[in-house]
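Have a look at query.cif below; it lists mmCIF, N, CA and C atoms.
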data_model
#
loop_
_atom_site.label_atom_id
_atom_site.label_comp_id
_atom_site.auth_asym_id
_atom_site.auth_seq_id
_atom_site.Cartn_x
_atom_site.Cartn_y
_atom_site.Cartn_z
N MET A 701 0.84 -1.18 0.00
CA MET A 701 0.00 0.00 0.00
C MET A 701 0.88 1.24 0.00
N ILE A 702 0.84 1.97 -1.06
CA ILE A 702 1.66 3.16 -1.19
C ILE A 702 0.85 4.36 -0.74
N GLY A 703 1.45 5.19 0.14
CA GLY A 703 0.81 6.42 0.57
C GLY A 703 -0.22 6.27 1.67
N ILE A 704 -0.31 5.12 2.31
CA ILE A 704 -1.29 4.94 3.38
C ILE A 704 -0.64 4.14 4.51
N SER A 705 -0.83 4.61 5.73
CA SER A 705 -0.22 3.94 6.87
C SER A 705 -0.96 2.64 7.19
N ARG A 706 -0.30 1.76 7.90
CA ARG A 706 -0.91 0.49 8.27
C ARG A 706 -2.13 0.71 9.17
N THR A 707 -2.01 1.66 10.11
CA THR A 707 -3.12 1.94 11.02
C THR A 707 -4.33 2.45 10.24
N ARG A 708 -4.08 3.36 9.30
CA ARG A 708 -5.17 3.90 8.51
C ARG A 708 -5.80 2.81 7.64
N ALA A 709 -4.97 1.93 7.08
CA ALA A 709 -5.49 0.83 6.26
C ALA A 709 -6.37 -0.10 7.08
N VAL A 710 -5.95 -0.39 8.32
CA VAL A 710 -6.75 -1.24 9.20
C VAL A 710 -8.07 -0.55 9.53
N ARG A 711 -8.00 0.76 9.80
CA ARG A 711 -9.21 1.50 10.14
C ARG A 711 -10.19 1.48 8.98
N TYR A 712 -9.69 1.74 7.75
CA TYR A 712 -10.57 1.72 6.59
C TYR A 712 -11.09 0.31 6.32
N GLY A 713 -10.27 -0.70 6.54
CA GLY A 713 -10.71 -2.08 6.36
C GLY A 713 -11.82 -2.44 7.33
N LEU A 714 -11.68 -2.02 8.58
CA LEU A 714 -12.73 -2.28 9.57
C LEU A 714 -14.00 -1.52 9.24
N ALA A 715 -13.85 -0.28 8.77
CA ALA A 715 -15.03 0.50 8.40
C ALA A 715 -15.77 -0.18 7.25
N GLY A 716 -15.04 -0.71 6.29
CA GLY A 716 -15.66 -1.43 5.17
C GLY A 716 -16.37 -2.68 5.64
N ALA A 717 -15.76 -3.40 6.58
CA ALA A 717 -16.38 -4.61 7.09
C ALA A 717 -17.66 -4.30 7.84
N VAL A 718 -17.64 -3.23 8.64
CA VAL A 718 -18.85 -2.84 9.37
C VAL A 718 -19.95 -2.43 8.39
N ALA A 719 -19.58 -1.68 7.35
CA ALA A 719 -20.58 -1.27 6.36
C ALA A 719 -21.16 -2.49 5.64
N ALA A 720 -20.32 -3.47 5.32
CA ALA A 720 -20.81 -4.68 4.65
C ALA A 720 -21.75 -5.46 5.55
N LEU A 721 -21.42 -5.55 6.84
CA LEU A 721 -22.30 -6.24 7.77
C LEU A 721 -23.62 -5.51 7.94
N ALA A 722 -23.57 -4.18 7.93
CA ALA A 722 -24.81 -3.40 8.06
C ALA A 722 -25.72 -3.64 6.87
N VAL A 723 -25.15 -3.69 5.67
CA VAL A 723 -25.95 -3.94 4.47
C VAL A 723 -26.49 -5.36 4.48
N ALA A 724 -25.64 -6.32 4.85
CA ALA A 724 -26.06 -7.72 4.87
C ALA A 724 -27.14 -7.96 5.92
N GLY A 725 -27.04 -7.27 7.04
CA GLY A 725 -27.99 -7.49 8.12
C GLY A 725 -29.22 -6.60 8.06
N SER A 726 -29.32 -5.75 7.03
CA SER A 726 -30.44 -4.82 6.97
C SER A 726 -31.78 -5.52 6.76
N GLY A 727 -31.78 -6.73 6.21
CA GLY A 727 -33.03 -7.45 5.99
C GLY A 727 -33.48 -8.26 7.19
N VAL A 728 -32.65 -8.34 8.22
CA VAL A 728 -32.98 -9.14 9.40
C VAL A 728 -33.77 -8.27 10.37
N THR A 729 -35.03 -8.64 10.62
CA THR A 729 -35.87 -7.84 11.51
C THR A 729 -36.44 -8.66 12.66
N ALA A 730 -36.10 -9.92 12.77
CA ALA A 730 -36.68 -10.78 13.79
C ALA A 730 -36.34 -10.30 15.20
N ASN A 731 -35.12 -9.79 15.42
CA ASN A 731 -34.72 -9.37 16.75
C ASN A 731 -34.73 -7.86 16.92
N ALA A 732 -35.38 -7.15 16.03
CA ALA A 732 -35.36 -5.69 16.09
C ALA A 732 -35.98 -5.16 17.37
N VAL A 733 -37.08 -5.72 17.82
CA VAL A 733 -37.73 -5.24 19.04
C VAL A 733 -36.84 -5.49 20.25
N THR A 734 -36.26 -6.68 20.34
CA THR A 734 -35.37 -7.01 21.45
C THR A 734 -34.16 -6.08 21.47
N THR A 735 -33.59 -5.78 20.32
CA THR A 735 -32.44 -4.90 20.24
C THR A 735 -32.80 -3.50 20.72
N ARG A 736 -33.96 -2.99 20.31
CA ARG A 736 -34.37 -1.66 20.75
C ARG A 736 -34.58 -1.61 22.26
N GLU A 737 -35.17 -2.67 22.83
CA GLU A 737 -35.40 -2.71 24.27
C GLU A 737 -34.07 -2.75 25.03
N THR A 738 -33.09 -3.51 24.53
CA THR A 738 -31.78 -3.59 25.17
C THR A 738 -31.08 -2.25 25.13
N ALA A 739 -31.11 -1.58 23.96
CA ALA A 739 -30.44 -0.29 23.82
C ALA A 739 -31.08 0.76 24.72
N ALA A 740 -32.40 0.71 24.88
CA ALA A 740 -33.08 1.70 25.71
C ALA A 740 -32.70 1.56 27.18
N GLY A 741 -32.35 0.36 27.62
CA GLY A 741 -32.01 0.14 29.01
C GLY A 741 -30.55 0.39 29.34
N SER A 742 -29.69 0.56 28.34
CA SER A 742 -28.26 0.76 28.59
C SER A 742 -28.00 2.22 28.92
N PRO A 743 -26.89 2.51 29.63
CA PRO A 743 -26.58 3.88 30.02
C PRO A 743 -26.40 4.83 28.84
N ALA A 744 -25.79 4.38 27.74
CA ALA A 744 -25.59 5.23 26.57
C ALA A 744 -26.14 4.50 25.35
N THR A 745 -27.10 5.09 24.70
CA THR A 745 -27.70 4.45 23.53
C THR A 745 -27.03 4.96 22.26
N VAL A 746 -27.33 4.29 21.16
CA VAL A 746 -26.75 4.65 19.88
C VAL A 746 -27.13 6.07 19.49
N SER A 747 -28.33 6.50 19.83
CA SER A 747 -28.76 7.85 19.47
C SER A 747 -27.90 8.93 20.13
N GLU A 748 -27.31 8.63 21.28
CA GLU A 748 -26.43 9.59 21.94
C GLU A 748 -25.06 9.64 21.27
N GLY A 749 -24.68 8.60 20.57
CA GLY A 749 -23.41 8.57 19.86
C GLY A 749 -22.29 8.02 20.72
N CYS A 750 -21.61 7.04 20.21
CA CYS A 750 -20.43 6.47 20.87
C CYS A 750 -19.26 6.61 19.90
N GLY A 751 -18.07 6.69 20.44
CA GLY A 751 -16.89 6.85 19.59
C GLY A 751 -16.51 8.31 19.48
N TYR A 752 -15.81 8.64 18.39
CA TYR A 752 -15.35 10.01 18.19
C TYR A 752 -16.52 10.91 17.83
N LEU A 753 -16.72 11.97 18.61
CA LEU A 753 -17.85 12.86 18.43
C LEU A 753 -17.50 14.12 17.67
N GLY A 754 -16.23 14.35 17.40
CA GLY A 754 -15.79 15.59 16.77
C GLY A 754 -15.32 16.58 17.82
N TRP A 755 -14.60 17.61 17.36
CA TRP A 755 -14.09 18.66 18.25
C TRP A 755 -13.26 18.12 19.41
N GLY A 756 -12.56 17.03 19.18
CA GLY A 756 -11.66 16.48 20.19
C GLY A 756 -12.33 15.69 21.29
N LYS A 757 -13.58 15.32 21.13
CA LYS A 757 -14.30 14.59 22.18
C LYS A 757 -14.55 13.15 21.74
N TYR A 758 -14.39 12.22 22.71
CA TYR A 758 -14.61 10.80 22.46
C TYR A 758 -15.51 10.25 23.56
N ARG A 759 -16.56 9.53 23.18
CA ARG A 759 -17.46 8.90 24.17
C ARG A 759 -17.25 7.40 24.16
N HIS A 760 -16.87 6.86 25.33
CA HIS A 760 -16.71 5.42 25.49
C HIS A 760 -17.99 4.88 26.12
N CYS A 761 -18.71 4.07 25.37
CA CYS A 761 -19.95 3.45 25.86
C CYS A 761 -19.59 2.04 26.33
N ASP A 762 -19.63 1.83 27.63
CA ASP A 762 -19.16 0.55 28.19
C ASP A 762 -20.29 -0.33 28.68
N GLY A 763 -21.54 0.10 28.60
CA GLY A 763 -22.66 -0.71 29.05
C GLY A 763 -22.69 -0.92 30.55
N GLY A 764 -22.06 -0.02 31.30
CA GLY A 764 -22.08 -0.11 32.76
C GLY A 764 -21.02 -0.99 33.38
N THR A 765 -20.03 -1.45 32.60
CA THR A 765 -19.00 -2.34 33.14
C THR A 765 -17.84 -1.59 33.78
N GLY A 766 -17.67 -0.31 33.47
CA GLY A 766 -16.57 0.46 34.02
C GLY A 766 -15.24 0.19 33.33
N SER A 767 -15.28 -0.37 32.13
CA SER A 767 -14.05 -0.71 31.41
C SER A 767 -13.34 0.53 30.88
N THR A 768 -12.05 0.39 30.62
CA THR A 768 -11.27 1.43 29.98
C THR A 768 -10.70 0.88 28.68
N VAL A 769 -10.49 1.77 27.70
CA VAL A 769 -9.96 1.34 26.40
C VAL A 769 -8.87 2.30 25.96
N MET A 770 -7.92 1.77 25.17
CA MET A 770 -6.83 2.57 24.62
C MET A 770 -7.23 3.02 23.22
N LEU A 771 -7.01 4.30 22.95
CA LEU A 771 -7.35 4.89 21.67
C LEU A 771 -6.10 5.31 20.91
N ASP A 772 -6.20 5.32 19.59
CA ASP A 772 -5.25 6.01 18.73
C ASP A 772 -5.93 7.32 18.39
N VAL A 773 -5.24 8.43 18.62
CA VAL A 773 -5.79 9.75 18.36
C VAL A 773 -4.93 10.41 17.29
N GLU A 774 -5.58 10.92 16.24
CA GLU A 774 -4.86 11.53 15.12
C GLU A 774 -5.01 13.04 15.18
N ASP A 775 -3.88 13.76 14.97
CA ASP A 775 -3.95 15.21 14.94
C ASP A 775 -4.01 15.71 13.49
N PHE A 776 -4.05 17.01 13.34
CA PHE A 776 -4.21 17.66 12.04
C PHE A 776 -3.12 17.27 11.04
N PHE A 777 -1.91 17.03 11.52
CA PHE A 777 -0.78 16.70 10.65
C PHE A 777 -0.60 15.20 10.44
N GLY A 778 -1.52 14.39 10.94
CA GLY A 778 -1.44 12.94 10.76
C GLY A 778 -0.66 12.23 11.85
N GLY A 779 -0.20 12.94 12.87
CA GLY A 779 0.50 12.32 13.98
C GLY A 779 -0.45 11.49 14.81
N LEU A 780 0.02 10.33 15.30
CA LEU A 780 -0.81 9.45 16.12
C LEU A 780 -0.33 9.47 17.56
N PHE A 781 -1.28 9.47 18.47
CA PHE A 781 -1.01 9.49 19.90
C PHE A 781 -1.87 8.44 20.58
N ARG A 782 -1.42 7.96 21.75
CA ARG A 782 -2.18 6.99 22.54
C ARG A 782 -2.85 7.72 23.69
N TYR A 783 -4.11 7.38 23.92
CA TYR A 783 -4.89 7.99 24.99
C TYR A 783 -5.84 6.94 25.53
N CYS A 784 -5.83 6.71 26.85
CA CYS A 784 -6.73 5.76 27.48
C CYS A 784 -7.92 6.52 28.06
N VAL A 785 -9.12 6.02 27.79
CA VAL A 785 -10.34 6.67 28.29
C VAL A 785 -11.20 5.68 29.06
N GLY A 786 -11.93 6.21 30.02
CA GLY A 786 -12.89 5.43 30.77
C GLY A 786 -14.29 5.70 30.24
N PRO A 787 -15.31 5.20 30.92
CA PRO A 787 -16.69 5.40 30.48
C PRO A 787 -17.06 6.88 30.42
N GLY A 788 -17.92 7.22 29.46
CA GLY A 788 -18.38 8.59 29.33
C GLY A 788 -17.60 9.35 28.28
N THR A 789 -17.75 10.68 28.30
CA THR A 789 -17.13 11.54 27.31
C THR A 789 -15.83 12.12 27.84
N THR A 790 -14.78 12.06 27.01
CA THR A 790 -13.46 12.58 27.36
C THR A 790 -13.05 13.61 26.33
N ASN A 791 -12.53 14.75 26.79
CA ASN A 791 -11.99 15.77 25.91
C ASN A 791 -10.51 15.46 25.68
N LEU A 792 -10.15 15.07 24.46
CA LEU A 792 -8.78 14.70 24.12
C LEU A 792 -7.93 15.90 23.74
N GLN A 793 -8.55 17.01 23.42
CA GLN A 793 -7.86 18.16 22.85
C GLN A 793 -6.87 18.85 23.79
N PRO A 794 -7.12 19.04 25.07
CA PRO A 794 -6.18 19.81 25.88
C PRO A 794 -4.76 19.24 25.93
N VAL A 795 -4.60 17.95 25.76
CA VAL A 795 -3.28 17.33 25.89
C VAL A 795 -2.53 17.31 24.56
N ILE A 796 -3.24 17.15 23.46
CA ILE A 796 -2.61 17.04 22.15
C ILE A 796 -2.50 18.44 21.55
N ARG A 797 -1.27 18.81 21.15
CA ARG A 797 -0.98 20.19 20.76
C ARG A 797 -1.77 20.66 19.55
N TRP A 798 -1.81 19.87 18.49
CA TRP A 798 -2.51 20.27 17.27
C TRP A 798 -3.93 19.71 17.26
N ARG A 799 -4.76 20.27 16.46
CA ARG A 799 -6.18 19.90 16.38
C ARG A 799 -6.39 18.40 16.18
N VAL A 800 -7.21 17.80 17.03
CA VAL A 800 -7.57 16.38 16.91
C VAL A 800 -8.56 16.24 15.76
N THR A 801 -8.27 15.31 14.83
CA THR A 801 -9.15 15.09 13.69
C THR A 801 -9.85 13.74 13.74
N GLY A 802 -9.42 12.85 14.63
CA GLY A 802 -10.06 11.55 14.73
C GLY A 802 -9.51 10.75 15.90
N ALA A 803 -10.30 9.79 16.36
CA ALA A 803 -9.87 8.89 17.43
C ALA A 803 -10.63 7.59 17.27
N TRP A 804 -9.95 6.48 17.49
CA TRP A 804 -10.56 5.17 17.36
C TRP A 804 -9.89 4.19 18.31
N TRP A 805 -10.62 3.16 18.68
CA TRP A 805 -10.13 2.13 19.59
C TRP A 805 -9.08 1.30 18.87
N ASN A 806 -7.94 1.07 19.52
CA ASN A 806 -6.86 0.32 18.88
C ASN A 806 -6.76 -1.12 19.39
N GLY A 807 -7.71 -1.55 20.21
CA GLY A 807 -7.71 -2.92 20.70
C GLY A 807 -7.25 -3.06 22.15
N GLY A 808 -6.67 -2.02 22.71
CA GLY A 808 -6.19 -2.07 24.09
C GLY A 808 -7.31 -1.91 25.09
N VAL A 809 -7.23 -2.66 26.20
CA VAL A 809 -8.22 -2.57 27.27
C VAL A 809 -7.51 -2.57 28.62
N ARG A 810 -8.26 -2.24 29.66
CA ARG A 810 -7.77 -2.25 31.05
C ARG A 810 -6.51 -1.40 31.25
N CYS A 811 -6.55 -0.16 30.77
CA CYS A 811 -5.43 0.75 30.95
C CYS A 811 -5.84 1.81 31.98
N ILE A 812 -4.88 2.59 32.41
CA ILE A 812 -5.16 3.68 33.35
C ILE A 812 -5.47 4.92 32.52
N PRO A 813 -6.65 5.53 32.71
CA PRO A 813 -7.04 6.67 31.87
C PRO A 813 -6.02 7.80 31.90
N GLY A 814 -5.75 8.32 30.71
CA GLY A 814 -4.82 9.44 30.55
C GLY A 814 -4.05 9.36 29.25
N TYR A 815 -3.16 10.33 29.07
CA TYR A 815 -2.35 10.44 27.87
C TYR A 815 -1.12 9.55 27.97
N TYR A 816 -0.82 8.80 26.90
CA TYR A 816 0.31 7.88 26.89
C TYR A 816 1.42 8.29 25.92
N GLY A 817 1.25 9.37 25.18
CA GLY A 817 2.29 9.86 24.28
C GLY A 817 2.11 9.41 22.84
N PRO A 818 3.13 9.71 22.01
CA PRO A 818 3.06 9.35 20.59
C PRO A 818 2.98 7.85 20.38
N ALA A 819 2.27 7.46 19.33
CA ALA A 819 2.11 6.04 19.00
C ALA A 819 3.33 5.52 18.27
#
Is it possible to express this structure as structure tokens?
Amino acid sequence: MIGISRTRAVRYGLAGAVAALAVAGSGVTANAVTTRETAAGSPATVSEGCGYLGWGKYRHCDGGTGSTVMLDVEDFFGGLFRYCVGPGTTNLQPVIRWRVTGAWWNGGVRCIPGYYGPA
């Protein structure tokens, strides 16, 4: 892959897989009522938004488990940084010098919330 980082390629590959699953599963309606009832009872529902919210904010929806996750955070110049977040919304911008343009889970769990430096 010329001109694209491995992390970005993985991110785009995962986004494509999620989109394919969404299209494939769009005809399945048998569990739709159960899914809506489960989402309504959880602390953060899909309508509130989970993941990167824009403007340097990231919401970790943990379903009430209290888990923490490690993120890759990208700045305006394409630099990657590691940041661990707990449940709820975290402002990533104050620690990273340049404008945050994206953040995604990199697979890490059970970390101590805070900034971990460049990736």
Of the candidates A:Leu792, A:His760, A:Val785, A:Gly779, which one gets nearest to A:Pro818 if we count all atoms listed in the file? A:Gly779
Just so the selection is clear, what residues does the PyMOL selection byres (((chain A and resi 811 and name CA) around 12) and name CA) cover here, as a ChimeraX atom specification? /A:766-771,782-786,807-810,812-816
Carefully work through the PyMOL selection byres ((chain A and resi 756) around 6.5) for this structure and note down the residues it includes, as a PyMOL selection string. chain A and resi 753-755+757-758+790-793+800-801
Quick one, how far is atom CA of A:Gly749 from atom CA of A:Phe781?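 Value for the atom CA of A:Gly749-atom CA of A:Phe781 distance: 22.4 Å.
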Selection under test: the PyMOL selection byres (((chain A and resi 750 and name CA) around 6) and name CA); residues as a count of residues only: 4
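Separating atom C of A:Gly764 from atom CA of A:Thr789 is a distance of 14.5 Å.
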